[in-house]
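What follows is the content of entry_34.cif (mmCIF, C-alpha atoms).
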```
data_run
#
loop_
_atom_site.group_PDB
_atom_site.id
_atom_site.type_symbol
_atom_site.label_atom_id
_atom_site.label_comp_id
_atom_site.auth_asym_id
_atom_site.auth_seq_id
_atom_site.Cartn_x
_atom_site.Cartn_y
_atom_site.Cartn_z
ATOM 1 C CA MET L 293 8.356 31.083 6.459
ATOM 2 C CA ARG L 294 5.844 28.256 6.691
ATOM 3 C CA GLN L 295 2.241 29.070 6.143
ATOM 4 C CA SER L 296 -1.072 27.216 5.974
ATOM 5 C CA VAL L 297 -3.414 27.814 3.085
ATOM 6 C CA GLY L 298 -7.020 26.825 2.530
ATOM 7 C CA ARG L 299 -7.540 23.690 0.486
ATOM 8 C CA ARG L 300 -10.027 23.424 -2.362
ATOM 9 C CA GLU L 301 -12.775 20.808 -2.483
ATOM 10 C CA GLU L 302 -10.979 18.886 -5.239
ATOM 11 C CA ASP L 303 -8.038 18.234 -2.894
ATOM 12 C CA TRP L 304 -10.202 15.721 -1.037
ATOM 13 C CA CYS L 305 -10.728 13.918 -4.330
ATOM 14 C CA SER L 306 -6.952 13.796 -4.753
ATOM 15 C CA LEU L 307 -6.620 12.104 -1.363
ATOM 16 C CA TRP L 308 -9.024 9.309 -2.325
ATOM 17 C CA ASN L 309 -7.323 8.857 -5.721
ATOM 18 C CA ILE L 310 -3.776 8.154 -4.535
ATOM 19 C CA LYS L 311 -2.269 4.709 -5.083
ATOM 20 C CA ALA L 312 -2.752 3.253 -1.600
ATOM 21 C CA PRO L 313 -5.018 0.701 0.127
ATOM 22 C CA PRO L 314 -8.488 2.056 1.036
ATOM 23 C CA ARG L 315 -7.824 1.490 4.739
ATOM 24 C CA VAL L 316 -4.720 3.702 4.544
ATOM 25 C CA LYS L 317 -6.685 6.451 2.784
ATOM 26 C CA HIS L 318 -9.162 6.306 5.633
ATOM 27 C CA VAL L 319 -6.307 6.872 8.118
ATOM 28 C CA LEU L 320 -5.274 9.956 6.113
ATOM 29 C CA TRP L 321 -8.841 11.241 6.206
ATOM 30 C CA ARG L 322 -8.916 10.763 10.006
ATOM 31 C CA ILE L 323 -5.662 12.708 10.340
ATOM 32 C CA CYS L 324 -6.970 15.559 8.178
ATOM 33 C CA THR L 325 -10.234 15.784 10.093
ATOM 34 C CA ASP L 326 -8.359 15.728 13.420
ATOM 35 C CA CYS L 327 -10.002 12.489 14.540
ATOM 36 C CA LEU L 328 -6.920 10.572 15.700
ATOM 37 C CA PRO L 329 -6.799 10.093 19.492
ATOM 38 C CA THR L 330 -3.391 11.649 20.122
ATOM 39 C CA ARG L 331 -2.633 12.468 23.745
ATOM 40 C CA SER L 332 -3.111 16.164 23.059
ATOM 41 C CA ARG L 333 -6.563 15.575 21.603
ATOM 42 C CA LEU L 334 -7.555 13.186 24.395
ATOM 43 C CA ARG L 335 -6.655 15.780 27.030
ATOM 44 C CA GLN L 336 -8.785 18.351 25.159
ATOM 45 C CA HIS L 337 -11.667 15.981 25.791
ATOM 46 C CA TYR L 338 -10.770 15.667 29.467
ATOM 47 C CA VAL L 339 -9.279 12.185 29.234
ATOM 48 C CA PRO L 340 -6.732 11.811 32.068
ATOM 49 C CA CYS L 341 -3.562 10.718 30.273
ATOM 50 C CA PRO L 342 0.041 11.941 29.944
ATOM 51 C CA SER L 343 0.590 14.684 27.385
ATOM 52 C CA ASN L 344 4.175 13.930 26.321
ATOM 53 C CA CYS L 345 5.247 11.640 23.470
ATOM 54 C CA GLN L 346 5.869 8.119 24.748
ATOM 55 C CA PHE L 347 8.877 7.706 22.432
ATOM 56 C CA CYS L 348 10.993 10.805 23.057
ATOM 57 C CA GLU L 349 9.146 12.118 26.178
ATOM 58 C CA ASN L 350 10.268 15.651 25.262
ATOM 59 C CA SER L 351 7.267 17.135 23.465
ATOM 60 C CA ILE L 352 3.491 17.176 23.600
ATOM 61 C CA GLU L 353 2.033 14.437 21.428
ATOM 62 C CA ASP L 354 -0.098 16.109 18.776
ATOM 63 C CA ASN L 355 -0.536 15.261 15.082
ATOM 64 C CA TRP L 356 2.538 17.223 14.014
ATOM 65 C CA HIS L 357 4.800 15.607 16.574
ATOM 66 C CA VAL L 358 3.550 12.052 15.897
ATOM 67 C CA PHE L 359 4.105 12.204 12.141
ATOM 68 C CA PHE L 360 6.793 14.831 11.562
ATOM 69 C CA GLY L 361 8.363 16.035 14.822
ATOM 70 C CA CYS L 362 9.503 13.025 16.866
ATOM 71 C CA SER L 363 13.108 11.844 16.539
ATOM 72 C CA LEU L 364 11.856 8.296 15.812
ATOM 73 C CA THR L 365 9.547 9.625 13.104
ATOM 74 C CA ASN L 366 12.368 11.535 11.435
ATOM 75 C CA GLY L 367 14.368 8.316 11.218
ATOM 76 C CA CYS L 368 11.394 6.588 9.578
ATOM 77 C CA TRP L 369 11.182 9.184 6.818
ATOM 78 C CA ARG L 370 14.920 8.891 6.123
ATOM 79 C CA SER L 371 14.861 5.097 5.901
ATOM 80 C CA SER L 372 11.773 5.154 3.665
ATOM 81 C CA GLY L 373 13.505 7.388 1.109
ATOM 82 C CA LEU L 374 10.829 10.070 1.459
ATOM 83 C CA SER L 375 12.607 12.620 3.637
ATOM 84 C CA SER L 376 13.375 14.987 0.741
ATOM 85 C CA LEU L 377 9.720 14.883 -0.326
ATOM 86 C CA LEU L 378 8.634 15.759 3.199
ATOM 87 C CA ASP L 379 11.243 18.499 3.638
ATOM 88 C CA SER L 380 10.108 20.281 0.492
ATOM 89 C CA HIS L 381 6.555 20.542 1.859
ATOM 90 C CA THR L 382 7.220 21.212 5.550
ATOM 91 C CA GLN L 383 9.037 24.383 4.486
ATOM 92 C CA SER L 384 5.764 25.713 3.053
ATOM 93 C CA PHE L 385 3.115 24.412 5.447
ATOM 94 C CA SER L 386 2.851 24.319 9.215
ATOM 95 C CA ASP L 387 -0.011 21.856 9.749
ATOM 96 C CA VAL L 388 -0.334 18.179 8.964
ATOM 97 C CA LYS L 389 -3.581 18.459 7.014
ATOM 98 C CA SER L 390 -2.161 20.973 4.519
ATOM 99 C CA ILE L 391 0.950 18.848 3.945
ATOM 100 C CA ILE L 392 -1.091 15.704 3.322
ATOM 101 C CA LEU L 393 -3.503 17.395 0.916
ATOM 102 C CA GLU L 394 -0.676 19.180 -0.886
ATOM 103 C CA ILE L 395 1.261 15.938 -1.443
ATOM 104 C CA CYS L 396 -1.870 14.087 -2.561
ATOM 105 C CA SER L 397 -2.805 16.810 -5.039
ATOM 106 C CA THR L 398 0.608 17.715 -6.486
ATOM 107 C CA GLU L 399 2.803 14.618 -6.304
ATOM 108 C CA ASP L 400 2.646 11.448 -8.409
ATOM 109 C CA ARG L 401 -0.146 9.197 -7.091
ATOM 110 C CA LYS L 402 2.292 6.334 -6.424
ATOM 111 C CA VAL L 403 4.636 8.606 -4.461
ATOM 112 C CA ALA L 404 1.666 9.942 -2.498
ATOM 113 C CA GLY L 405 0.624 6.344 -1.841
ATOM 114 C CA ARG L 406 4.036 5.469 -0.389
ATOM 115 C CA PHE L 407 3.843 8.609 1.773
ATOM 116 C CA ALA L 408 0.382 7.551 3.020
ATOM 117 C CA VAL L 409 1.509 4.024 3.906
ATOM 118 C CA MET L 410 4.429 5.478 5.893
ATOM 119 C CA LEU L 411 1.973 7.585 7.912
ATOM 120 C CA ASP L 412 -0.105 4.473 8.566
ATOM 121 C CA VAL L 413 2.939 2.474 9.750
ATOM 122 C CA ILE L 414 3.974 5.311 12.090
ATOM 123 C CA TRP L 415 0.516 5.466 13.652
ATOM 124 C CA LYS L 416 0.336 1.668 14.028
ATOM 125 C CA ASN L 417 3.746 1.599 15.706
ATOM 126 C CA ARG L 418 2.617 4.305 18.136
ATOM 127 C CA ASN L 419 -0.463 2.241 19.049
ATOM 128 C CA ASP L 420 1.568 -0.954 19.399
ATOM 129 C CA LEU L 421 3.744 0.763 22.012
ATOM 130 C CA ILE L 422 0.744 2.042 23.982
ATOM 131 C CA TRP L 423 -1.360 -1.115 23.930
ATOM 132 C CA HIS L 424 1.215 -3.909 23.624
ATOM 133 C CA ASN L 425 4.448 -2.279 24.822
ATOM 134 C CA GLU L 426 6.047 -3.168 21.479
ATOM 135 C CA SER L 427 7.676 -0.931 18.882
ATOM 136 C CA GLU L 428 10.007 -1.164 15.892
ATOM 137 C CA GLU L 429 13.218 0.663 15.060
ATOM 138 C CA ALA L 430 12.945 3.560 12.636
ATOM 139 C CA THR L 431 14.974 1.800 9.935
ATOM 140 C CA LYS L 432 12.753 -1.268 10.017
ATOM 141 C CA MET L 433 9.596 0.850 9.920
ATOM 142 C CA GLY L 434 10.750 2.695 6.814
ATOM 143 C CA LEU L 435 11.493 -0.582 5.025
ATOM 144 C CA LEU L 436 8.219 -2.115 6.220
ATOM 145 C CA ALA L 437 6.237 0.799 4.806
ATOM 146 C CA PHE L 438 7.996 0.504 1.451
ATOM 147 C CA HIS L 439 7.427 -3.265 1.206
ATOM 148 C CA ASN L 440 3.783 -2.971 2.336
ATOM 149 C CA TRP L 441 3.102 -0.457 -0.407
ATOM 150 C CA GLN L 442 5.070 -2.465 -2.997
ATOM 151 C CA ASP L 443 3.185 -5.692 -2.194
ATOM 152 C CA TRP L 444 -0.147 -3.914 -2.469
ATOM 153 C CA TYR L 445 0.751 -2.157 -5.736
ATOM 154 C CA LYS L 446 2.020 -5.364 -7.352
ATOM 155 C CA ALA L 447 -1.162 -7.170 -6.334
ATOM 156 C CA GLN L 448 -3.274 -4.428 -7.933
ATOM 157 C CA LYS L 449 -1.313 -4.626 -11.191
ATOM 158 C CA ASP L 450 -1.652 -8.407 -11.289
ATOM 159 C CA LEU L 451 -5.384 -8.078 -10.699
ATOM 160 C CA ASP L 452 -5.725 -5.604 -13.567
ATOM 161 C CA ASN L 453 -3.957 -8.058 -15.863
ATOM 162 C CA GLU L 454 -6.340 -10.964 -15.222
ATOM 163 C CA ASN L 455 -7.936 -12.322 -18.363
ATOM 164 C CA VAL L 456 -11.401 -11.321 -19.542
ATOM 165 C CA TYR L 457 -13.488 -14.443 -19.078
ATOM 166 C CA GLU L 458 -15.676 -16.059 -21.689
ATOM 167 C CA HIS L 459 -19.438 -16.191 -21.198
ATOM 168 C CA ASN L 460 -21.916 -19.011 -20.644
ATOM 169 C CA LEU L 461 -19.726 -21.200 -18.455
ATOM 170 C CA ASP L 462 -21.376 -23.927 -16.425
ATOM 171 C CA TRP L 463 -20.662 -24.750 -12.794
ATOM 172 C CA PRO L 464 -18.714 -28.047 -12.778
ATOM 173 C CA PRO L 465 -19.714 -30.461 -9.981
ATOM 174 C CA PRO L 466 -16.925 -32.132 -7.969
ATOM 175 C CA SER L 467 -15.902 -35.776 -8.294
ATOM 176 C CA GLU L 468 -18.037 -38.381 -6.545
ATOM 177 C CA GLY L 469 -17.624 -38.263 -2.781
ATOM 178 C CA TRP L 470 -16.283 -34.695 -2.799
ATOM 179 C CA LEU L 471 -17.913 -31.402 -1.877
ATOM 180 C CA LYS L 472 -17.409 -28.080 -3.580
ATOM 181 C CA CYS L 473 -17.426 -24.674 -1.883
ATOM 182 C CA ASN L 474 -17.652 -21.602 -4.096
ATOM 183 C CA VAL L 475 -16.359 -18.358 -2.582
ATOM 184 C CA ASP L 476 -16.630 -14.685 -3.505
ATOM 185 C CA ALA L 477 -16.315 -11.199 -2.014
ATOM 186 C CA GLY L 478 -17.920 -7.854 -2.770
ATOM 187 C CA PHE L 479 -18.536 -4.358 -1.471
ATOM 188 C CA ASN L 480 -21.665 -2.507 -0.428
ATOM 189 C CA LYS L 481 -20.761 1.125 -1.112
ATOM 190 C CA ARG L 482 -23.988 2.490 0.364
ATOM 191 C CA ARG L 483 -23.399 0.781 3.716
ATOM 192 C CA GLY L 484 -19.603 0.959 3.528
ATOM 193 C CA THR L 485 -19.077 -2.774 4.104
ATOM 194 C CA THR L 486 -16.840 -5.534 2.796
ATOM 195 C CA ASN L 487 -19.000 -8.624 2.122
ATOM 196 C CA ARG L 488 -18.129 -12.305 1.747
ATOM 197 C CA GLY L 489 -20.195 -15.319 0.730
ATOM 198 C CA TRP L 490 -19.643 -19.048 0.197
ATOM 199 C CA CYS L 491 -21.816 -22.030 -0.689
ATOM 200 C CA VAL L 492 -21.164 -25.764 -0.215
ATOM 201 C CA ARG L 493 -22.707 -28.311 -2.618
ATOM 202 C CA ASP L 494 -22.276 -32.048 -3.132
ATOM 203 C CA ASP L 495 -21.296 -33.966 -6.277
ATOM 204 C CA THR L 496 -24.860 -33.801 -7.641
ATOM 205 C CA GLY L 497 -25.165 -30.052 -7.071
ATOM 206 C CA ASN L 498 -27.402 -30.336 -4.012
ATOM 207 C CA PHE L 499 -27.183 -27.450 -1.538
ATOM 208 C CA ILE L 500 -25.506 -28.363 1.784
ATOM 209 C CA PHE L 501 -25.177 -24.986 3.490
ATOM 210 C CA ALA L 502 -23.965 -21.440 2.867
ATOM 211 C CA GLY L 503 -22.146 -18.823 4.888
ATOM 212 C CA ILE L 504 -21.863 -15.049 4.790
ATOM 213 C CA ALA L 505 -19.869 -12.391 6.602
ATOM 214 C CA TRP L 506 -19.577 -8.628 6.399
ATOM 215 C CA ASP L 507 -17.580 -5.935 8.176
ATOM 216 C CA ILE L 508 -17.691 -2.155 8.300
ATOM 217 C CA GLY L 509 -14.921 -0.644 6.169
ATOM 218 C CA THR L 510 -13.363 -1.665 2.890
ATOM 219 C CA LEU L 511 -10.354 -3.837 2.174
ATOM 220 C CA THR L 512 -8.623 -4.115 -1.175
ATOM 221 C CA ILE L 513 -10.254 -6.501 -3.643
ATOM 222 C CA LEU L 514 -7.482 -9.050 -3.131
ATOM 223 C CA GLU L 515 -7.645 -8.840 0.657
ATOM 224 C CA ALA L 516 -11.431 -9.315 0.561
ATOM 225 C CA GLU L 517 -11.238 -12.304 -1.807
ATOM 226 C CA ALA L 518 -8.519 -13.944 0.294
ATOM 227 C CA LEU L 519 -10.409 -13.306 3.528
ATOM 228 C CA ALA L 520 -13.580 -14.841 2.046
ATOM 229 C CA LEU L 521 -11.626 -17.974 1.156
ATOM 230 C CA LYS L 522 -10.065 -18.184 4.613
ATOM 231 C CA GLU L 523 -13.453 -17.851 6.318
ATOM 232 C CA ALA L 524 -14.989 -20.493 4.040
ATOM 233 C CA ILE L 525 -12.214 -22.940 4.951
ATOM 234 C CA GLN L 526 -12.692 -22.201 8.639
ATOM 235 C CA GLY L 527 -16.450 -22.761 8.212
ATOM 236 C CA ALA L 528 -15.817 -26.137 6.599
ATOM 237 C CA ILE L 529 -13.499 -27.097 9.460
ATOM 238 C CA SER L 530 -16.030 -26.092 12.123
ATOM 239 C CA SER L 531 -18.674 -28.146 10.267
ATOM 240 C CA GLN L 532 -16.281 -31.141 10.188
ATOM 241 C CA LEU L 533 -16.366 -31.451 6.406
ATOM 242 C CA ASP L 534 -13.909 -33.621 4.496
ATOM 243 C CA LYS L 535 -12.845 -33.716 0.834
ATOM 244 C CA VAL L 536 -13.730 -30.149 -0.097
ATOM 245 C CA ILE L 537 -12.696 -28.204 -3.188
ATOM 246 C CA PHE L 538 -12.786 -24.440 -2.618
ATOM 247 C CA GLU L 539 -13.232 -22.363 -5.763
ATOM 248 C CA SER L 540 -12.446 -18.647 -6.060
ATOM 249 C CA ASP L 541 -12.746 -16.462 -9.148
ATOM 250 C CA SER L 542 -9.681 -14.454 -8.085
ATOM 251 C CA GLN L 543 -6.824 -15.923 -10.078
ATOM 252 C CA ARG L 544 -4.333 -13.776 -8.190
ATOM 253 C CA VAL L 545 -5.407 -15.204 -4.826
ATOM 254 C CA VAL L 546 -5.169 -18.802 -6.054
ATOM 255 C CA GLN L 547 -1.746 -18.131 -7.577
ATOM 256 C CA ALA L 548 -0.567 -16.583 -4.319
ATOM 257 C CA ILE L 549 -1.658 -19.702 -2.410
ATOM 258 C CA ASP L 550 0.011 -22.044 -4.922
ATOM 259 C CA SER L 551 3.282 -20.074 -4.805
ATOM 260 C CA ASN L 552 3.223 -19.720 -0.995
ATOM 261 C CA TYR L 553 3.304 -15.931 -1.445
ATOM 262 C CA LYS L 554 5.252 -14.136 1.286
ATOM 263 C CA GLY L 555 5.490 -10.549 2.495
ATOM 264 C CA ASP L 556 4.485 -8.214 5.301
ATOM 265 C CA SER L 557 1.235 -6.877 3.853
ATOM 266 C CA GLU L 558 -2.234 -7.794 5.140
ATOM 267 C CA PHE L 559 -2.828 -9.782 1.941
ATOM 268 C CA SER L 560 0.355 -11.799 2.568
ATOM 269 C CA LEU L 561 -0.684 -12.592 6.141
ATOM 270 C CA ILE L 562 -4.087 -13.882 5.000
ATOM 271 C CA ILE L 563 -2.427 -16.086 2.356
ATOM 272 C CA LYS L 564 -0.053 -17.463 5.002
ATOM 273 C CA SER L 565 -3.002 -18.317 7.245
ATOM 274 C CA ILE L 566 -4.806 -20.087 4.376
ATOM 275 C CA ASN L 567 -1.745 -22.193 3.589
ATOM 276 C CA SER L 568 -1.442 -23.181 7.247
ATOM 277 C CA LEU L 569 -5.051 -24.419 7.190
ATOM 278 C CA LEU L 570 -4.477 -26.353 3.960
ATOM 279 C CA GLN L 571 -1.393 -28.026 5.406
ATOM 280 C CA ALA L 572 -3.437 -29.166 8.404
ATOM 281 C CA PHE L 573 -6.349 -30.475 6.288
ATOM 282 C CA LEU L 574 -4.896 -32.411 3.365
ATOM 283 C CA ASN L 575 -8.299 -33.212 1.814
ATOM 284 C CA PHE L 576 -8.946 -29.545 1.167
ATOM 285 C CA GLU L 577 -8.025 -28.074 -2.235
ATOM 286 C CA VAL L 578 -8.187 -24.540 -3.641
ATOM 287 C CA LYS L 579 -8.846 -23.972 -7.333
ATOM 288 C CA PHE L 580 -9.557 -21.102 -9.667
ATOM 289 C CA ILE L 581 -12.933 -20.841 -11.406
ATOM 290 C CA LYS L 582 -14.079 -18.257 -13.920
ATOM 291 C CA ARG L 583 -16.519 -15.632 -12.730
ATOM 292 C CA GLN L 584 -19.429 -16.814 -14.856
ATOM 293 C CA ALA L 585 -19.407 -20.168 -13.043
ATOM 294 C CA ASN L 586 -19.257 -18.525 -9.620
ATOM 295 C CA SER L 587 -22.633 -16.793 -9.651
ATOM 296 C CA VAL L 588 -23.972 -18.475 -6.495
ATOM 297 C CA ALA L 589 -21.135 -17.191 -4.297
ATOM 298 C CA HIS L 590 -21.296 -13.789 -5.999
ATOM 299 C CA SER L 591 -25.016 -13.467 -5.215
ATOM 300 C CA LEU L 592 -24.459 -14.474 -1.590
ATOM 301 C CA ALA L 593 -21.737 -11.847 -1.135
ATOM 302 C CA LYS L 594 -23.960 -9.234 -2.757
ATOM 303 C CA ALA L 595 -26.842 -10.031 -0.373
ATOM 304 C CA ALA L 596 -24.705 -10.551 2.748
ATOM 305 C CA ASN L 597 -26.065 -7.472 4.530
ATOM 306 C CA SER L 598 -29.474 -9.175 4.751
ATOM 307 C CA TRP L 599 -28.108 -11.327 7.584
ATOM 308 C CA SER L 600 -26.174 -10.751 10.803
ATOM 309 C CA ARG L 601 -22.430 -10.167 10.444
ATOM 310 C CA ARG L 602 -21.500 -13.883 10.665
ATOM 311 C CA SER L 603 -24.147 -16.377 9.568
ATOM 312 C CA PHE L 604 -24.428 -20.016 8.534
ATOM 313 C CA ILE L 605 -27.467 -20.645 6.313
ATOM 314 C CA HIS L 606 -28.939 -24.166 6.201
ATOM 315 C CA LEU L 607 -32.010 -23.453 4.047
ATOM 316 C CA ILE L 608 -31.608 -22.289 0.453
ATOM 317 C CA PRO L 609 -31.850 -18.476 0.506
ATOM 318 C CA PRO L 610 -34.025 -16.887 -2.212
ATOM 319 C CA CYS L 611 -31.100 -14.895 -3.639
ATOM 320 C CA ILE L 612 -29.417 -18.072 -4.979
ATOM 321 C CA GLU L 613 -32.375 -20.423 -5.512
ATOM 322 C CA GLN L 614 -32.685 -19.812 -9.246
ATOM 323 C CA HIS L 615 -28.901 -20.026 -9.746
ATOM 324 C CA LEU L 616 -28.866 -23.450 -8.042
ATOM 325 C CA ILE L 617 -31.725 -24.696 -10.178
ATOM 326 C CA ASN L 618 -30.061 -23.527 -13.381
ATOM 327 C CA GLU L 619 -26.704 -25.050 -12.505
ATOM 328 C CA MET L 620 -28.198 -28.409 -11.467
ATOM 329 C CA HIS L 621 -29.679 -28.654 -14.949
#
```
As structure tokens, the full file:
Amino acid sequence: MRQSVGRREEDWCSLWNIKAPPRVKHVLWRICTDCLPTRSRLRQHYVPCPSNCQFCENSIEDNWHVFFGCSLTNGCWRSSGLSSLLDSHTQSFSDVKSIILEICSTEDRKVAGRFAVMLDVIWKNRNDLIWHNESEEATKMGLLAFHNWQDWYKAQKDLDNENVYEHNLDWPPPSEGWLKCNVDAGFNKRRGTTNRGWCVRDDTGNFIFAGIAWDIGTLTILEAEALALKEAIQGAISSQLDKVIFESDSQRVVQAIDSNYKGDSEFSLIIKSINSLLQAFLNFEVKFIKRQANSVAHSLAKAANSWSRRSFIHLIPPCIEQHLINEMH
């Protein structure tokens, strides 16, 4: 007989420690705190909407039905190779929260991460049907979840294997007639934001302009670094710049661009977008630079919350003034 048991405080720590993208962990937290706007929950808050599942139309759409009860969902778990994992826990627990916390706290962190990504894909597919009248077959969803997790996990391993950089590196100016744009990303844990910063200088090191952006929520490190690079390129295009070298201190991002990295993950989609921009603007180049020579962009990303969410800066901001002076000398 299935039963629900109280979870200990440390189970929440287990949820945040699984091997999965931060955004996916946040989806799990929303499920466990009953924050997802299922039709059942919406009707509890007096929202006039149908109560039945839009896929099977046979049952009320609550958390259990969305993730474990619908016939489409069951097919997803089978195609993902996680059905036996799920079966072993649904025999012991009768609510979604207890199953999630039990898997996160007792299973291997990589297995729990794959389970979490499958939940995220199921919820996204449900929303795609409601808002865009589009949905995927169960088999494709199971494979998509597996490949999304695999792409993310491989990217994290590659990032961990990046070399430790030597100290006291100077910023190298570009060739005469070229501009250089240094790019970096960071996180503000107190505000819960993902920050990006970039700075354009000429061949003598003179400041041209800078840009910053920040968003609520956290991406993976690779996603943030790639997004910062994409936004810097778009900023250069909107400013009608030509002959620009973009430098990032994420070797993995630069390698992904050079190899035309493909996949279905968010990181892959950003890389694809960057390559499309580079193909359209042939005088743009992307290169890797070591972290010690990327201090200007790093400082901009760190201070990004001092400005509005998308800002172009045409006067030298105090946070990078001393870095610019040092590097010009």
(request) Pick out the closest residue to Cys396 (chain L) from this set: L:Ser530, L:Asn586, L:Asn309, L:Ser542. Count all atoms listed in the file. (result) L:Asn309
(request) Could you give me, as a PyMOL selection string, the residues within 9 Å of region 335-347 of chain L, counting only C-alpha atoms and dropping anything in the same chain fewer than 4 positions from it? (result) chain L and resi 330-331+351-354+357-358+362-364+418+421-422
Please write the residues from the selection above to a file, keeping C-alpha atoms, as a CSV table (one decimal), in the frame of the given file.
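Final file, again.csv:
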```
chain,number,residue,atom,x,y,z
L,330,THR,CA,-3.4,11.6,20.1
L,331,ARG,CA,-2.6,12.5,23.7
L,351,SER,CA,7.3,17.1,23.5
L,352,ILE,CA,3.5,17.2,23.6
L,353,GLU,CA,2.0,14.4,21.4
L,354,ASP,CA,-0.1,16.1,18.8
L,357,HIS,CA,4.8,15.6,16.6
L,358,VAL,CA,3.6,12.1,15.9
L,362,CYS,CA,9.5,13.0,16.9
L,363,SER,CA,13.1,11.8,16.5
L,364,LEU,CA,11.9,8.3,15.8
L,418,ARG,CA,2.6,4.3,18.1
L,421,LEU,CA,3.7,0.8,22.0
L,422,ILE,CA,0.7,2.0,24.0
```
(request) Would you be able to write out as number ranges by chain which residues have an atom within 12 Å of (-18.7, 2.1, -0.1) in the file's coordinates, counting all atoms listed in the file? (result) L: 314-315, 318, 478-487, 507-512
(request) Calculate how many Å separate CA of Phe538 (chain L) from CA of Val578 (chain L), rounding to one decimal. (result) 4.7 Å
(request) Go ahead and compute the interatomic distance for CA of Arg370 (chain L) and CA of Ala404 (chain L), in Å to one decimal. (result) 15.8 Å
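Interatomic distance, CA of Gly503 (chain L) to CA of Tyr553 (chain L): 26.4 Å.
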First collect every listed atom of region 400-414 of chain L; then fit an axis-aligned box around them, widen it by 6 Å on each side, and give centre and edge lengths in Å to one decimal, as lines of an AutoDock Vina configuration file.
```
center_x = 2.2
center_y = 7.0
center_z = 1.8
size_x = 16.8
size_y = 21.0
size_z = 32.5
```
Taking only C-alpha atoms, show region 394-431 of chain L of the given structure as a JSON list (two decimals), in the first residue's frame.
```
[["chain", "number", "residue", "atom", "x", "y", "z"],
["L", 394, "GLU", "CA", 12.87, 10.32, -2.21],
["L", 395, "ILE", "CA", 14.56, 9.93, -5.62],
["L", 396, "CYS", "CA", 16.75, 12.99, -5.05],
["L", 397, "SER", "CA", 17.87, 11.77, -1.63],
["L", 398, "THR", "CA", 18.34, 8.04, -2.29],
["L", 399, "GLU", "CA", 19.28, 7.61, -5.95],
["L", 400, "ASP", "CA", 22.56, 8.43, -7.69],
["L", 401, "ARG", "CA", 22.72, 12.18, -8.38],
["L", 402, "LYS", "CA", 23.09, 11.61, -12.14],
["L", 403, "VAL", "CA", 20.06, 9.30, -12.22],
["L", 404, "ALA", "CA", 18.08, 11.86, -10.21],
["L", 405, "GLY", "CA", 19.21, 14.52, -12.69],
["L", 406, "ARG", "CA", 17.89, 12.52, -15.65],
["L", 407, "PHE", "CA", 14.61, 12.03, -13.76],
["L", 408, "ALA", "CA", 14.38, 15.80, -13.14],
["L", 409, "VAL", "CA", 15.01, 16.69, -16.79],
["L", 410, "MET", "CA", 12.25, 14.26, -17.83],
["L", 411, "LEU", "CA", 9.82, 16.07, -15.50],
["L", 412, "ASP", "CA", 10.86, 19.38, -17.04],
["L", 413, "VAL", "CA", 10.32, 18.10, -20.61],
["L", 414, "ILE", "CA", 6.86, 16.77, -19.67],
["L", 415, "TRP", "CA", 5.83, 20.11, -18.20],
["L", 416, "LYS", "CA", 7.18, 22.04, -21.20],
["L", 417, "ASN", "CA", 5.30, 19.77, -23.60],
["L", 418, "ARG", "CA", 2.09, 20.34, -21.64],
["L", 419, "ASN", "CA", 2.56, 24.12, -21.91],
["L", 420, "ASP", "CA", 3.41, 23.93, -25.61],
["L", 421, "LEU", "CA", 0.06, 22.22, -26.24],
["L", 422, "ILE", "CA", -1.89, 24.82, -24.26],
["L", 423, "TRP", "CA", -0.19, 27.94, -25.60],
["L", 424, "HIS", "CA", 0.99, 26.91, -29.07],
["L", 425, "ASN", "CA", -1.19, 23.88, -29.89],
["L", 426, "GLU", "CA", 1.98, 21.83, -30.39],
["L", 427, "SER", "CA", 3.11, 18.63, -28.69],
["L", 428, "GLU", "CA", 5.59, 15.79, -29.17],
["L", 429, "GLU", "CA", 5.13, 12.03, -29.19],
["L", 430, "ALA", "CA", 6.05, 10.20, -26.00],
["L", 431, "THR", "CA", 8.98, 8.38, -27.62]]
```
